[in-house]
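Okay, protein05.cif is below, mmCIF, C-alpha atoms:
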```cif
data_my_file
#
loop_
_atom_site.label_atom_id
_atom_site.label_comp_id
_atom_site.auth_asym_id
_atom_site.auth_seq_id
_atom_site.Cartn_x
_atom_site.Cartn_y
_atom_site.Cartn_z
CA MET H 1 1.32 8.50 13.32
CA SER H 2 -2.24 9.70 13.75
CA ASN H 3 -1.20 13.23 14.73
CA ASP H 4 1.06 13.49 11.71
CA ALA H 5 -1.79 12.39 9.47
CA LEU H 6 -4.16 14.99 10.90
CA GLY H 7 -1.46 17.61 10.51
CA ARG H 8 -1.59 17.06 6.76
CA LEU H 9 -5.28 17.91 6.58
CA PRO H 10 -5.57 21.28 4.84
CA HIS H 11 -8.94 22.00 6.42
CA SER H 12 -9.07 24.18 9.51
CA TYR H 13 -11.69 25.48 11.93
CA PRO H 14 -14.60 25.80 11.38
CA PHE H 15 -14.39 23.31 8.55
CA ARG H 16 -12.30 20.51 9.96
CA PHE H 17 -14.45 17.49 10.74
CA LEU H 18 -11.82 15.03 11.94
CA ASP H 19 -10.60 15.12 15.56
CA LYS H 20 -8.24 12.17 15.53
CA VAL H 21 -6.85 9.76 12.96
CA ILE H 22 -6.76 6.21 14.35
CA GLU H 23 -5.43 4.38 11.33
CA ILE H 24 -4.03 5.55 8.02
CA SER H 25 -2.49 3.82 5.01
CA ARG H 26 -2.65 4.10 1.23
CA VAL H 27 -5.75 1.93 1.17
CA ARG H 28 -7.66 2.64 4.37
CA GLY H 29 -8.24 5.29 6.97
CA VAL H 30 -10.13 5.38 10.27
CA ALA H 31 -10.79 8.61 12.14
CA ILE H 32 -12.92 10.00 14.95
CA LYS H 33 -15.19 13.01 15.05
CA ASN H 34 -16.55 13.94 18.46
CA VAL H 35 -19.80 15.77 17.87
CA THR H 36 -20.24 18.41 20.57
CA ALA H 37 -23.28 20.48 21.48
CA ASN H 38 -21.51 23.72 20.57
CA GLU H 39 -20.86 22.86 16.91
CA GLU H 40 -21.76 25.91 14.86
CA PHE H 41 -24.17 24.04 12.63
CA PHE H 42 -26.36 23.01 15.56
CA GLN H 43 -27.41 26.64 15.96
CA GLY H 44 -29.59 26.26 12.92
CA HIS H 45 -29.76 22.52 12.14
CA PHE H 46 -32.03 22.46 13.94
CA LYS H 47 -32.68 24.98 16.68
CA ASP H 48 -34.82 22.64 18.77
CA ASP H 49 -33.64 19.37 17.30
CA PRO H 50 -29.83 19.29 16.84
CA ILE H 51 -28.82 16.87 14.07
CA MET H 52 -25.48 16.78 12.26
CA PRO H 53 -26.23 17.55 8.58
CA GLY H 54 -25.74 14.55 6.30
CA ALA H 55 -23.79 16.79 3.95
CA LEU H 56 -21.25 17.39 6.72
CA ILE H 57 -20.95 13.67 7.40
CA ILE H 58 -20.06 13.32 3.71
CA GLU H 59 -17.55 16.16 4.18
CA ALA H 60 -15.95 14.41 7.18
CA LEU H 61 -15.67 11.15 5.21
CA ALA H 62 -14.22 13.01 2.22
CA GLN H 63 -11.63 14.72 4.43
CA LEU H 64 -10.52 11.27 5.60
CA ALA H 65 -10.57 9.87 2.05
CA GLY H 66 -8.35 12.78 1.00
CA LEU H 67 -5.83 11.87 3.70
CA VAL H 68 -5.81 8.25 2.53
CA MET H 69 -5.37 9.34 -1.07
CA ASN H 70 -2.37 11.53 -0.34
CA HIS H 71 -0.84 9.32 2.35
CA GLY H 72 2.81 8.52 1.82
CA ASP H 73 3.28 11.24 -0.77
CA GLU H 74 4.92 14.29 0.78
CA LYS H 75 4.37 16.39 -2.32
CA ALA H 76 0.66 15.69 -2.53
CA THR H 77 -1.51 18.64 -1.65
CA GLY H 78 -5.23 18.85 -2.21
CA ALA H 79 -7.91 16.25 -2.71
CA TYR H 80 -11.39 17.23 -3.74
CA ILE H 81 -14.81 15.61 -3.84
CA ALA H 82 -15.54 14.59 -7.42
CA LYS H 83 -18.60 12.41 -6.99
CA VAL H 84 -20.86 11.08 -4.24
CA LYS H 85 -22.66 7.82 -4.93
CA ASP H 86 -25.46 5.95 -3.19
CA MET H 87 -25.04 7.72 0.11
CA LYS H 88 -27.44 6.51 2.73
CA PHE H 89 -28.11 8.08 6.14
CA LYS H 90 -29.58 5.51 8.48
CA THR H 91 -29.63 7.17 11.89
CA LYS H 92 -29.42 10.75 13.16
CA VAL H 93 -26.12 11.99 14.56
CA SER H 94 -26.63 14.20 17.62
CA PRO H 95 -24.54 16.13 20.16
CA GLY H 96 -22.47 13.77 22.32
CA ASP H 97 -22.03 11.17 19.59
CA THR H 98 -18.56 9.90 18.77
CA VAL H 99 -18.53 9.14 15.06
CA THR H 100 -16.00 6.65 13.74
CA LEU H 101 -15.28 7.40 10.09
CA ILE H 102 -13.93 4.72 7.77
CA ALA H 103 -12.71 5.21 4.19
CA GLU H 104 -11.43 2.31 2.10
CA ALA H 105 -9.82 2.86 -1.30
CA GLN H 106 -11.48 0.94 -4.10
CA GLU H 107 -10.63 1.57 -7.71
CA SER H 108 -8.44 4.33 -9.02
CA PHE H 109 -7.39 5.71 -12.33
CA SER H 110 -5.10 8.63 -13.06
CA ASN H 111 -5.77 11.27 -10.40
CA ILE H 112 -9.24 9.95 -9.52
CA ALA H 113 -9.93 7.38 -6.79
CA GLY H 114 -13.11 5.78 -5.49
CA PHE H 115 -13.69 5.12 -1.80
CA SER H 116 -16.15 2.99 0.07
CA VAL H 117 -17.08 5.06 3.12
CA LYS H 118 -18.90 4.47 6.36
CA ALA H 119 -19.72 6.42 9.52
CA VAL H 120 -20.38 4.45 12.70
CA VAL H 121 -21.72 5.44 16.13
CA LYS H 122 -21.59 2.83 18.91
CA ASP H 123 -21.14 -0.08 16.47
CA LYS H 124 -24.12 1.09 14.44
CA THR H 125 -23.68 2.33 10.88
CA VAL H 126 -25.19 5.82 10.65
CA ALA H 127 -24.14 6.57 7.07
CA GLU H 128 -22.54 4.70 4.19
CA GLY H 129 -21.90 5.02 0.50
CA GLU H 130 -19.19 5.82 -2.00
CA ILE H 131 -17.15 8.94 -2.60
CA VAL H 132 -14.92 9.61 -5.59
CA MET H 133 -12.01 11.97 -4.94
CA GLY H 134 -9.84 13.86 -7.38
CA ALA H 135 -6.26 14.84 -6.51
CA ASN H 136 -3.91 17.46 -7.87
CA LYS H 137 -1.46 14.74 -8.78
CA ASP H 138 -1.48 11.45 -10.66
CA ASN H 139 -2.74 8.95 -8.12
CA SER H 140 -2.65 5.83 -10.24
CA ASN H 141 -0.52 4.04 -7.65
CA VAL H 142 -3.41 3.81 -5.18
CA LYS H 143 -3.71 0.09 -4.68
CA VAL H 144 -6.86 -1.41 -6.11
CA SER H 145 -8.35 -3.67 -3.49
CA MET Y 1 -17.16 -8.01 -33.18
CA GLN Y 2 -20.65 -6.52 -33.58
CA GLU Y 3 -21.78 -8.44 -30.54
CA LEU Y 4 -18.81 -7.11 -28.54
CA LYS Y 5 -19.55 -3.54 -29.60
CA LYS Y 6 -23.18 -3.93 -28.59
CA ASN Y 7 -22.04 -5.27 -25.24
CA ILE Y 8 -19.66 -2.31 -24.76
CA LYS Y 9 -22.45 0.16 -25.55
CA GLU Y 10 -24.72 -1.51 -23.01
CA MET Y 11 -21.91 -1.36 -20.45
CA LEU Y 12 -21.40 2.36 -21.17
CA VAL Y 13 -25.08 3.19 -20.69
CA LYS Y 14 -25.39 1.08 -17.55
CA ARG Y 15 -22.21 2.12 -15.76
CA LEU Y 16 -22.31 5.79 -16.68
CA LYS Y 17 -26.08 6.03 -16.31
CA LEU Y 18 -26.33 7.60 -19.77
CA LYS Y 19 -29.79 8.72 -20.67
CA MET Y 20 -29.74 7.18 -24.11
CA ASP Y 21 -30.39 3.95 -25.89
CA PRO Y 22 -27.23 1.82 -26.36
CA ASP Y 23 -28.08 1.45 -30.06
CA ALA Y 24 -27.96 5.23 -30.43
CA ILE Y 25 -24.23 5.29 -29.67
CA LYS Y 26 -22.24 5.30 -32.90
CA ASP Y 27 -19.18 3.05 -33.10
CA ASP Y 28 -16.93 6.01 -33.81
CA ALA Y 29 -18.60 8.59 -31.56
CA PRO Y 30 -15.96 10.25 -29.34
CA LEU Y 31 -16.45 9.30 -25.70
CA PHE Y 32 -14.91 12.43 -24.26
CA GLY Y 33 -15.50 16.05 -25.18
CA GLU Y 34 -18.57 17.76 -26.49
CA GLY Y 35 -18.07 17.31 -30.23
CA ASP Y 36 -20.69 16.17 -32.73
CA ASN Y 37 -22.29 12.91 -31.61
CA GLY Y 38 -19.82 12.82 -28.72
CA LEU Y 39 -20.89 11.35 -25.39
CA GLY Y 40 -19.34 14.22 -23.43
CA LEU Y 41 -17.74 12.06 -20.75
CA ASP Y 42 -15.25 13.52 -18.27
CA SER Y 43 -12.30 12.30 -16.19
CA ILE Y 44 -14.58 11.10 -13.39
CA ASP Y 45 -16.49 8.99 -15.92
CA ALA Y 46 -13.11 7.62 -17.08
CA LEU Y 47 -12.71 5.92 -13.70
CA GLU Y 48 -16.15 4.28 -14.07
CA LEU Y 49 -15.23 3.20 -17.56
CA VAL Y 50 -11.91 1.66 -16.49
CA VAL Y 51 -13.70 -0.19 -13.67
CA GLY Y 52 -16.45 -1.29 -16.08
CA ILE Y 53 -13.93 -2.74 -18.55
CA GLN Y 54 -12.16 -4.51 -15.68
CA LYS Y 55 -15.37 -6.02 -14.33
CA GLU Y 56 -16.89 -6.89 -17.69
CA TYR Y 57 -13.83 -8.19 -19.53
CA GLY Y 58 -11.23 -8.77 -16.81
CA ILE Y 59 -8.86 -6.28 -18.41
CA VAL Y 60 -7.03 -3.82 -16.17
CA ILE Y 61 -6.11 -0.49 -17.71
CA SER Y 62 -3.84 1.34 -15.30
CA ASP Y 63 -1.50 3.07 -17.70
CA LYS Y 64 -2.68 6.53 -18.67
CA ALA Y 65 -1.04 6.36 -22.10
CA VAL Y 66 -2.86 3.10 -22.87
CA ALA Y 67 -6.13 4.60 -21.63
CA GLU Y 68 -5.72 7.58 -23.94
CA LYS Y 69 -5.46 5.24 -26.91
CA VAL Y 70 -8.18 2.81 -25.83
CA LEU Y 71 -10.85 5.08 -24.38
CA VAL Y 72 -11.49 6.96 -27.59
CA ASN Y 73 -14.66 5.40 -28.95
CA VAL Y 74 -16.52 2.08 -29.03
CA ASN Y 75 -14.35 0.85 -31.93
CA THR Y 76 -11.08 1.39 -30.04
CA ILE Y 77 -12.39 -0.27 -26.86
CA ALA Y 78 -13.66 -3.27 -28.85
CA GLU Y 79 -10.35 -3.61 -30.68
CA TYR Y 80 -8.41 -3.50 -27.39
CA VAL Y 81 -10.69 -6.00 -25.69
CA LYS Y 82 -10.47 -8.33 -28.68
CA THR Y 83 -6.67 -8.23 -29.00
CA THR Y 84 -6.02 -8.35 -25.23
CA LYS Y 85 -8.31 -11.30 -24.64
CA ALA Y 86 -7.15 -13.17 -27.74
#
```
Full structure transcribed into structure tokens:
Amino acid sequence: MSNDALGRLPHSYPFRFLDKVIEISRVRGVAIKNVTANEEFFQGHFKDDPIMPGALIIEALAQLAGLVMNHGDEKATGAYIAKVKDMKFKTKVSPGDTVTLIAEAQESFSNIAGFSVKAVVKDKTVAEGEIVMGANKDNSNVKVS
Amino acid sequence: MQELKKNIKEMLVKRLKLKMDPDAIKDDAPLFGEGDNGLGLDSIDALELVVGIQKEYGIVISDKAVAEKVLVNVNTIAEYVKTTKA
């Protein structure tokens, strides 16, 4: 199931930030990103102090949210970030960290859906907030939790 | 009805973080689009609006056709809230 889900992700190297999908449904997704020392962005962010950019943590969470949004719909194609709300970055993410990404569908209307998102490293929340995604299709059947 | 409209305007400003006074919103000002006196909202704001109406008045708008008729201006929202809750 998880491999199939990842196979639907339109993003590819060097812009795929999900390594494995653990859980996926129309309302919730959980995925893993293993952050390795040879990630391209560590060359410059920062040279002597490698930290995964917060913007890329948002990207990873949005990639997962997109999978949740289009799950179960074979015809669904893209999903795009429409809005980022109240995103908070609590702890640095460094090489060697395994980040667990969680996206839970909240409200939806038409082709727009809101997600509550969280990134966790070793049971500690490193980032959390809300992301609104827009799809190419009418997504009004996303279940409102 | 005036009280309800005032309440809707306050909800609009709060939920959509509009940089204007609720009293400055005219009852018939178009919510979407950039016309005269329009609020210039977009489809992403529509989600916030639908959620706001649900939280504030307990009314779920999931049908796009209904939304197109209701989310026109403060008057149309007030009318829908009034008739749905009645």
Legend entry - Selection: 10 Å around Gly38 in chain Y, all atoms listed in the file, excl. self and same-chain fewer than 4 positions, as JSON, numbers by chain: {"Y": [25, 26, 28, 29, 30, 31, 32, 33, 34, 73]}
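Among the candidate residues H:Ser116, H:Asn38, H:Ser110, H:Thr125, the one lying nearest to Ala65 in chain Y is H:Ser110, with distances computed using all atoms listed in the file.
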Inset, instruction - Using all atoms listed in the file, pick whichever of H:Ile102, H:Ala5, H:Ile112, H:Ala62 has the shortest atom-to-atom distance to Phe17 in chain H. - result: H:Ala62
Inset, instruction - Provide the CA of Glu3 in chain Y to CA of Lys64 in chain Y distance in Å, to one decimal place. - result: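 Interatomic distance, CA of Glu3 in chain Y to CA of Lys64 in chain Y: 27.0 Å.
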Within-9 Å shell of (-22.3, 7.4, 6.8) in input frame, all atoms listed in the file, as a compact mmCIF listing (two decimals) with C-alpha atoms, in the frame of the given file:
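Below you can see out15.txt, which holds the result:
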```
# COMPACT_ATOMS: atom_id res chain seq x y z
CA GLY H 54 -25.74 14.55 6.30
CA ILE H 57 -20.95 13.67 7.40
CA ILE H 58 -20.06 13.32 3.71
CA LEU H 61 -15.67 11.15 5.21
CA MET H 87 -25.04 7.72 0.11
CA LYS H 88 -27.44 6.51 2.73
CA PHE H 89 -28.11 8.08 6.14
CA LYS H 90 -29.58 5.51 8.48
CA THR H 91 -29.63 7.17 11.89
CA LEU H 101 -15.28 7.40 10.09
CA ILE H 102 -13.93 4.72 7.77
CA VAL H 117 -17.08 5.06 3.12
CA LYS H 118 -18.90 4.47 6.36
CA ALA H 119 -19.72 6.42 9.52
CA VAL H 120 -20.38 4.45 12.70
CA THR H 125 -23.68 2.33 10.88
CA VAL H 126 -25.19 5.82 10.65
CA ALA H 127 -24.14 6.57 7.07
CA GLU H 128 -22.54 4.70 4.19
CA GLY H 129 -21.90 5.02 0.50
```
Using 9 Å as the limit and counting only C-alpha atoms, can you tabulate each residue of chain H that touches chain Y, with its shortest atom-to-atom distance in Å and the two atoms involved, as a tab-separated table?
```
residue	atom	partner	partner_atom	distance
H:Ala82	CA	Y:Ile44	CA	7.0
H:Lys83	CA	Y:Ile44	CA	7.7
H:Glu107	CA	Y:Val51	CA	6.9
H:Ser108	CA	Y:Leu47	CA	6.5
H:Phe109	CA	Y:Leu47	CA	5.5
H:Ser110	CA	Y:Lys64	CA	6.5
H:Asn111	CA	Y:Ser43	CA	8.8
H:Ile112	CA	Y:Ile44	CA	6.7
H:Ala113	CA	Y:Leu47	CA	7.6
H:Gly114	CA	Y:Leu47	CA	8.2
H:Val132	CA	Y:Ile44	CA	7.9
H:Met133	CA	Y:Ile44	CA	8.9
H:Gly134	CA	Y:Ile44	CA	8.1
H:Ser140	CA	Y:Ser62	CA	6.9
H:Asn141	CA	Y:Ser62	CA	8.8
```
Inset, instruction - Determine, counting only C-alpha atoms, which protein, DNA and RNA residues have an atom within 9 Å of an atom of range 69-81 of chain H; residues of the same chain fewer than 2 positions away are not included. Present the result as a ChimeraX atom specification. - result: /H:5,8-10,24-28,59,62-67,83-84,105,113,131-137,139,142
Grab the residues selected above and save them as a PDB file, in the coordinates of the input with C-alpha atoms.
```
ATOM      1  CA  ALA H   5      -1.790  12.390   9.470  1.00  0.00           C
ATOM      2  CA  ARG H   8      -1.590  17.060   6.760  1.00  0.00           C
ATOM      3  CA  LEU H   9      -5.280  17.910   6.580  1.00  0.00           C
ATOM      4  CA  PRO H  10      -5.570  21.280   4.840  1.00  0.00           C
ATOM      5  CA  ILE H  24      -4.030   5.550   8.020  1.00  0.00           C
ATOM      6  CA  SER H  25      -2.490   3.820   5.010  1.00  0.00           C
ATOM      7  CA  ARG H  26      -2.650   4.100   1.230  1.00  0.00           C
ATOM      8  CA  VAL H  27      -5.750   1.930   1.170  1.00  0.00           C
ATOM      9  CA  ARG H  28      -7.660   2.640   4.370  1.00  0.00           C
ATOM     10  CA  GLU H  59     -17.550  16.160   4.180  1.00  0.00           C
ATOM     11  CA  ALA H  62     -14.220  13.010   2.220  1.00  0.00           C
ATOM     12  CA  GLN H  63     -11.630  14.720   4.430  1.00  0.00           C
ATOM     13  CA  LEU H  64     -10.520  11.270   5.600  1.00  0.00           C
ATOM     14  CA  ALA H  65     -10.570   9.870   2.050  1.00  0.00           C
ATOM     15  CA  GLY H  66      -8.350  12.780   1.000  1.00  0.00           C
ATOM     16  CA  LEU H  67      -5.830  11.870   3.700  1.00  0.00           C
ATOM     17  CA  LYS H  83     -18.600  12.410  -6.990  1.00  0.00           C
ATOM     18  CA  VAL H  84     -20.860  11.080  -4.240  1.00  0.00           C
ATOM     19  CA  ALA H 105      -9.820   2.860  -1.300  1.00  0.00           C
ATOM     20  CA  ALA H 113      -9.930   7.380  -6.790  1.00  0.00           C
ATOM     21  CA  ILE H 131     -17.150   8.940  -2.600  1.00  0.00           C
ATOM     22  CA  VAL H 132     -14.920   9.610  -5.590  1.00  0.00           C
ATOM     23  CA  MET H 133     -12.010  11.970  -4.940  1.00  0.00           C
ATOM     24  CA  GLY H 134      -9.840  13.860  -7.380  1.00  0.00           C
ATOM     25  CA  ALA H 135      -6.260  14.840  -6.510  1.00  0.00           C
ATOM     26  CA  ASN H 136      -3.910  17.460  -7.870  1.00  0.00           C
ATOM     27  CA  LYS H 137      -1.460  14.740  -8.780  1.00  0.00           C
ATOM     28  CA  ASN H 139      -2.740   8.950  -8.120  1.00  0.00           C
ATOM     29  CA  VAL H 142      -3.410   3.810  -5.180  1.00  0.00           C
TER      30      VAL H 142
END
```
Inset, instruction - Considering all atoms listed in the file, return as a list in words whatever protein or nucleic-acid residues lie within 9 Å of Ile51 in chain H, sequence-local ones (same chain, fewer than 4 positions apart) excluded. - result: Phe41, Phe42, His45, Phe46, Lys92, Val93, Ser94 and Pro95 of chain H
Inset, instruction - Would you be able to write out as a PyMOL selection string which residues have an atom within 12 Å of (-21.5, 3.1, -17.4) in the file's coordinates, counting all atoms listed in the file? - result: chain Y and resi 7-20+22+31+39+41+44-53+55-56
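The space between CA of Ala78 in chain Y and CA of Asp86 in chain H spans 29.7 Å.
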Inset, instruction - For CA of Gln106 in chain H and CA of Thr83 in chain Y, determine how far apart the two atoms are, in Å to one decimal place. - result: 27.0 Å
Around all the atoms of range 6-13 of chain H listed in the file, draw an axis-aligned box and extend it by 8 Å on each of the six sides; I want its centre and edge lengths in Å to one decimal, as JSON.
```
{"center_x": -6.6, "center_y": 20.2, "center_z": 8.4, "size_x": 26.2, "size_y": 26.5, "size_z": 23.1}
```
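Neighbours of Asp19 in chain H closer than or equal to 8 Å, with only C-alpha atoms counted and sequence neighbours fewer than 2 positions away skipped, come out as H:Leu6, H:Arg16, H:Phe17, H:Val21, H:Ala31, H:Ile32, H:Lys33, H:Asn34.
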Export of prior selection with C-alpha atoms as an mmCIF file, in the coordinates of the input:
```cif
data_model
loop_
_atom_site.group_PDB
_atom_site.id
_atom_site.type_symbol
_atom_site.label_atom_id
_atom_site.label_comp_id
_atom_site.auth_asym_id
_atom_site.auth_seq_id
_atom_site.Cartn_x
_atom_site.Cartn_y
_atom_site.Cartn_z
ATOM 1 C CA LEU H 6 -4.160 14.990 10.900
ATOM 2 C CA ARG H 16 -12.300 20.510 9.960
ATOM 3 C CA PHE H 17 -14.450 17.490 10.740
ATOM 4 C CA VAL H 21 -6.850 9.760 12.960
ATOM 5 C CA ALA H 31 -10.790 8.610 12.140
ATOM 6 C CA ILE H 32 -12.920 10.000 14.950
ATOM 7 C CA LYS H 33 -15.190 13.010 15.050
ATOM 8 C CA ASN H 34 -16.550 13.940 18.460
#
```
Missing atoms in range 36-50 of chain Y need filling: write out N, CA and C atoms for it as a compact mmCIF listing (two decimals), keeping the file's coordinate frame.
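Heads up, here's the output in result_19.txt:
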```txt
# COMPACT_ATOMS: atom_id res chain seq x y z
N ASP Y 36 -19.50 16.74 -32.08
CA ASP Y 36 -20.69 16.17 -32.73
C ASP Y 36 -20.82 14.69 -32.39
N ASN Y 37 -21.99 14.31 -31.96
CA ASN Y 37 -22.29 12.91 -31.61
C ASN Y 37 -21.47 12.39 -30.44
N GLY Y 38 -20.66 13.25 -29.83
CA GLY Y 38 -19.82 12.82 -28.72
C GLY Y 38 -20.66 12.55 -27.48
N LEU Y 39 -20.14 11.68 -26.60
CA LEU Y 39 -20.89 11.35 -25.39
C LEU Y 39 -20.63 12.35 -24.26
N GLY Y 40 -19.60 13.18 -24.42
CA GLY Y 40 -19.34 14.22 -23.43
C GLY Y 40 -18.90 13.71 -22.07
N LEU Y 41 -18.20 12.59 -22.03
CA LEU Y 41 -17.74 12.06 -20.75
C LEU Y 41 -16.60 12.92 -20.20
N ASP Y 42 -16.36 12.78 -18.88
CA ASP Y 42 -15.25 13.52 -18.27
C ASP Y 42 -14.32 12.57 -17.53
N SER Y 43 -13.32 13.14 -16.85
CA SER Y 43 -12.30 12.30 -16.19
C SER Y 43 -12.89 11.43 -15.08
N ILE Y 44 -13.95 11.90 -14.45
CA ILE Y 44 -14.58 11.10 -13.39
C ILE Y 44 -15.27 9.89 -14.03
N ASP Y 45 -15.88 10.10 -15.19
CA ASP Y 45 -16.49 8.99 -15.92
C ASP Y 45 -15.41 7.99 -16.37
N ALA Y 46 -14.20 8.50 -16.63
CA ALA Y 46 -13.11 7.62 -17.08
C ALA Y 46 -12.84 6.54 -16.04
N LEU Y 47 -12.92 6.91 -14.77
CA LEU Y 47 -12.71 5.92 -13.70
C LEU Y 47 -13.79 4.83 -13.79
N GLU Y 48 -15.04 5.25 -13.95
CA GLU Y 48 -16.15 4.28 -14.07
C GLU Y 48 -15.94 3.36 -15.26
N LEU Y 49 -15.45 3.94 -16.32
CA LEU Y 49 -15.23 3.20 -17.56
C LEU Y 49 -14.12 2.16 -17.38
N VAL Y 50 -13.03 2.57 -16.75
CA VAL Y 50 -11.91 1.66 -16.49
C VAL Y 50 -12.38 0.50 -15.60
```
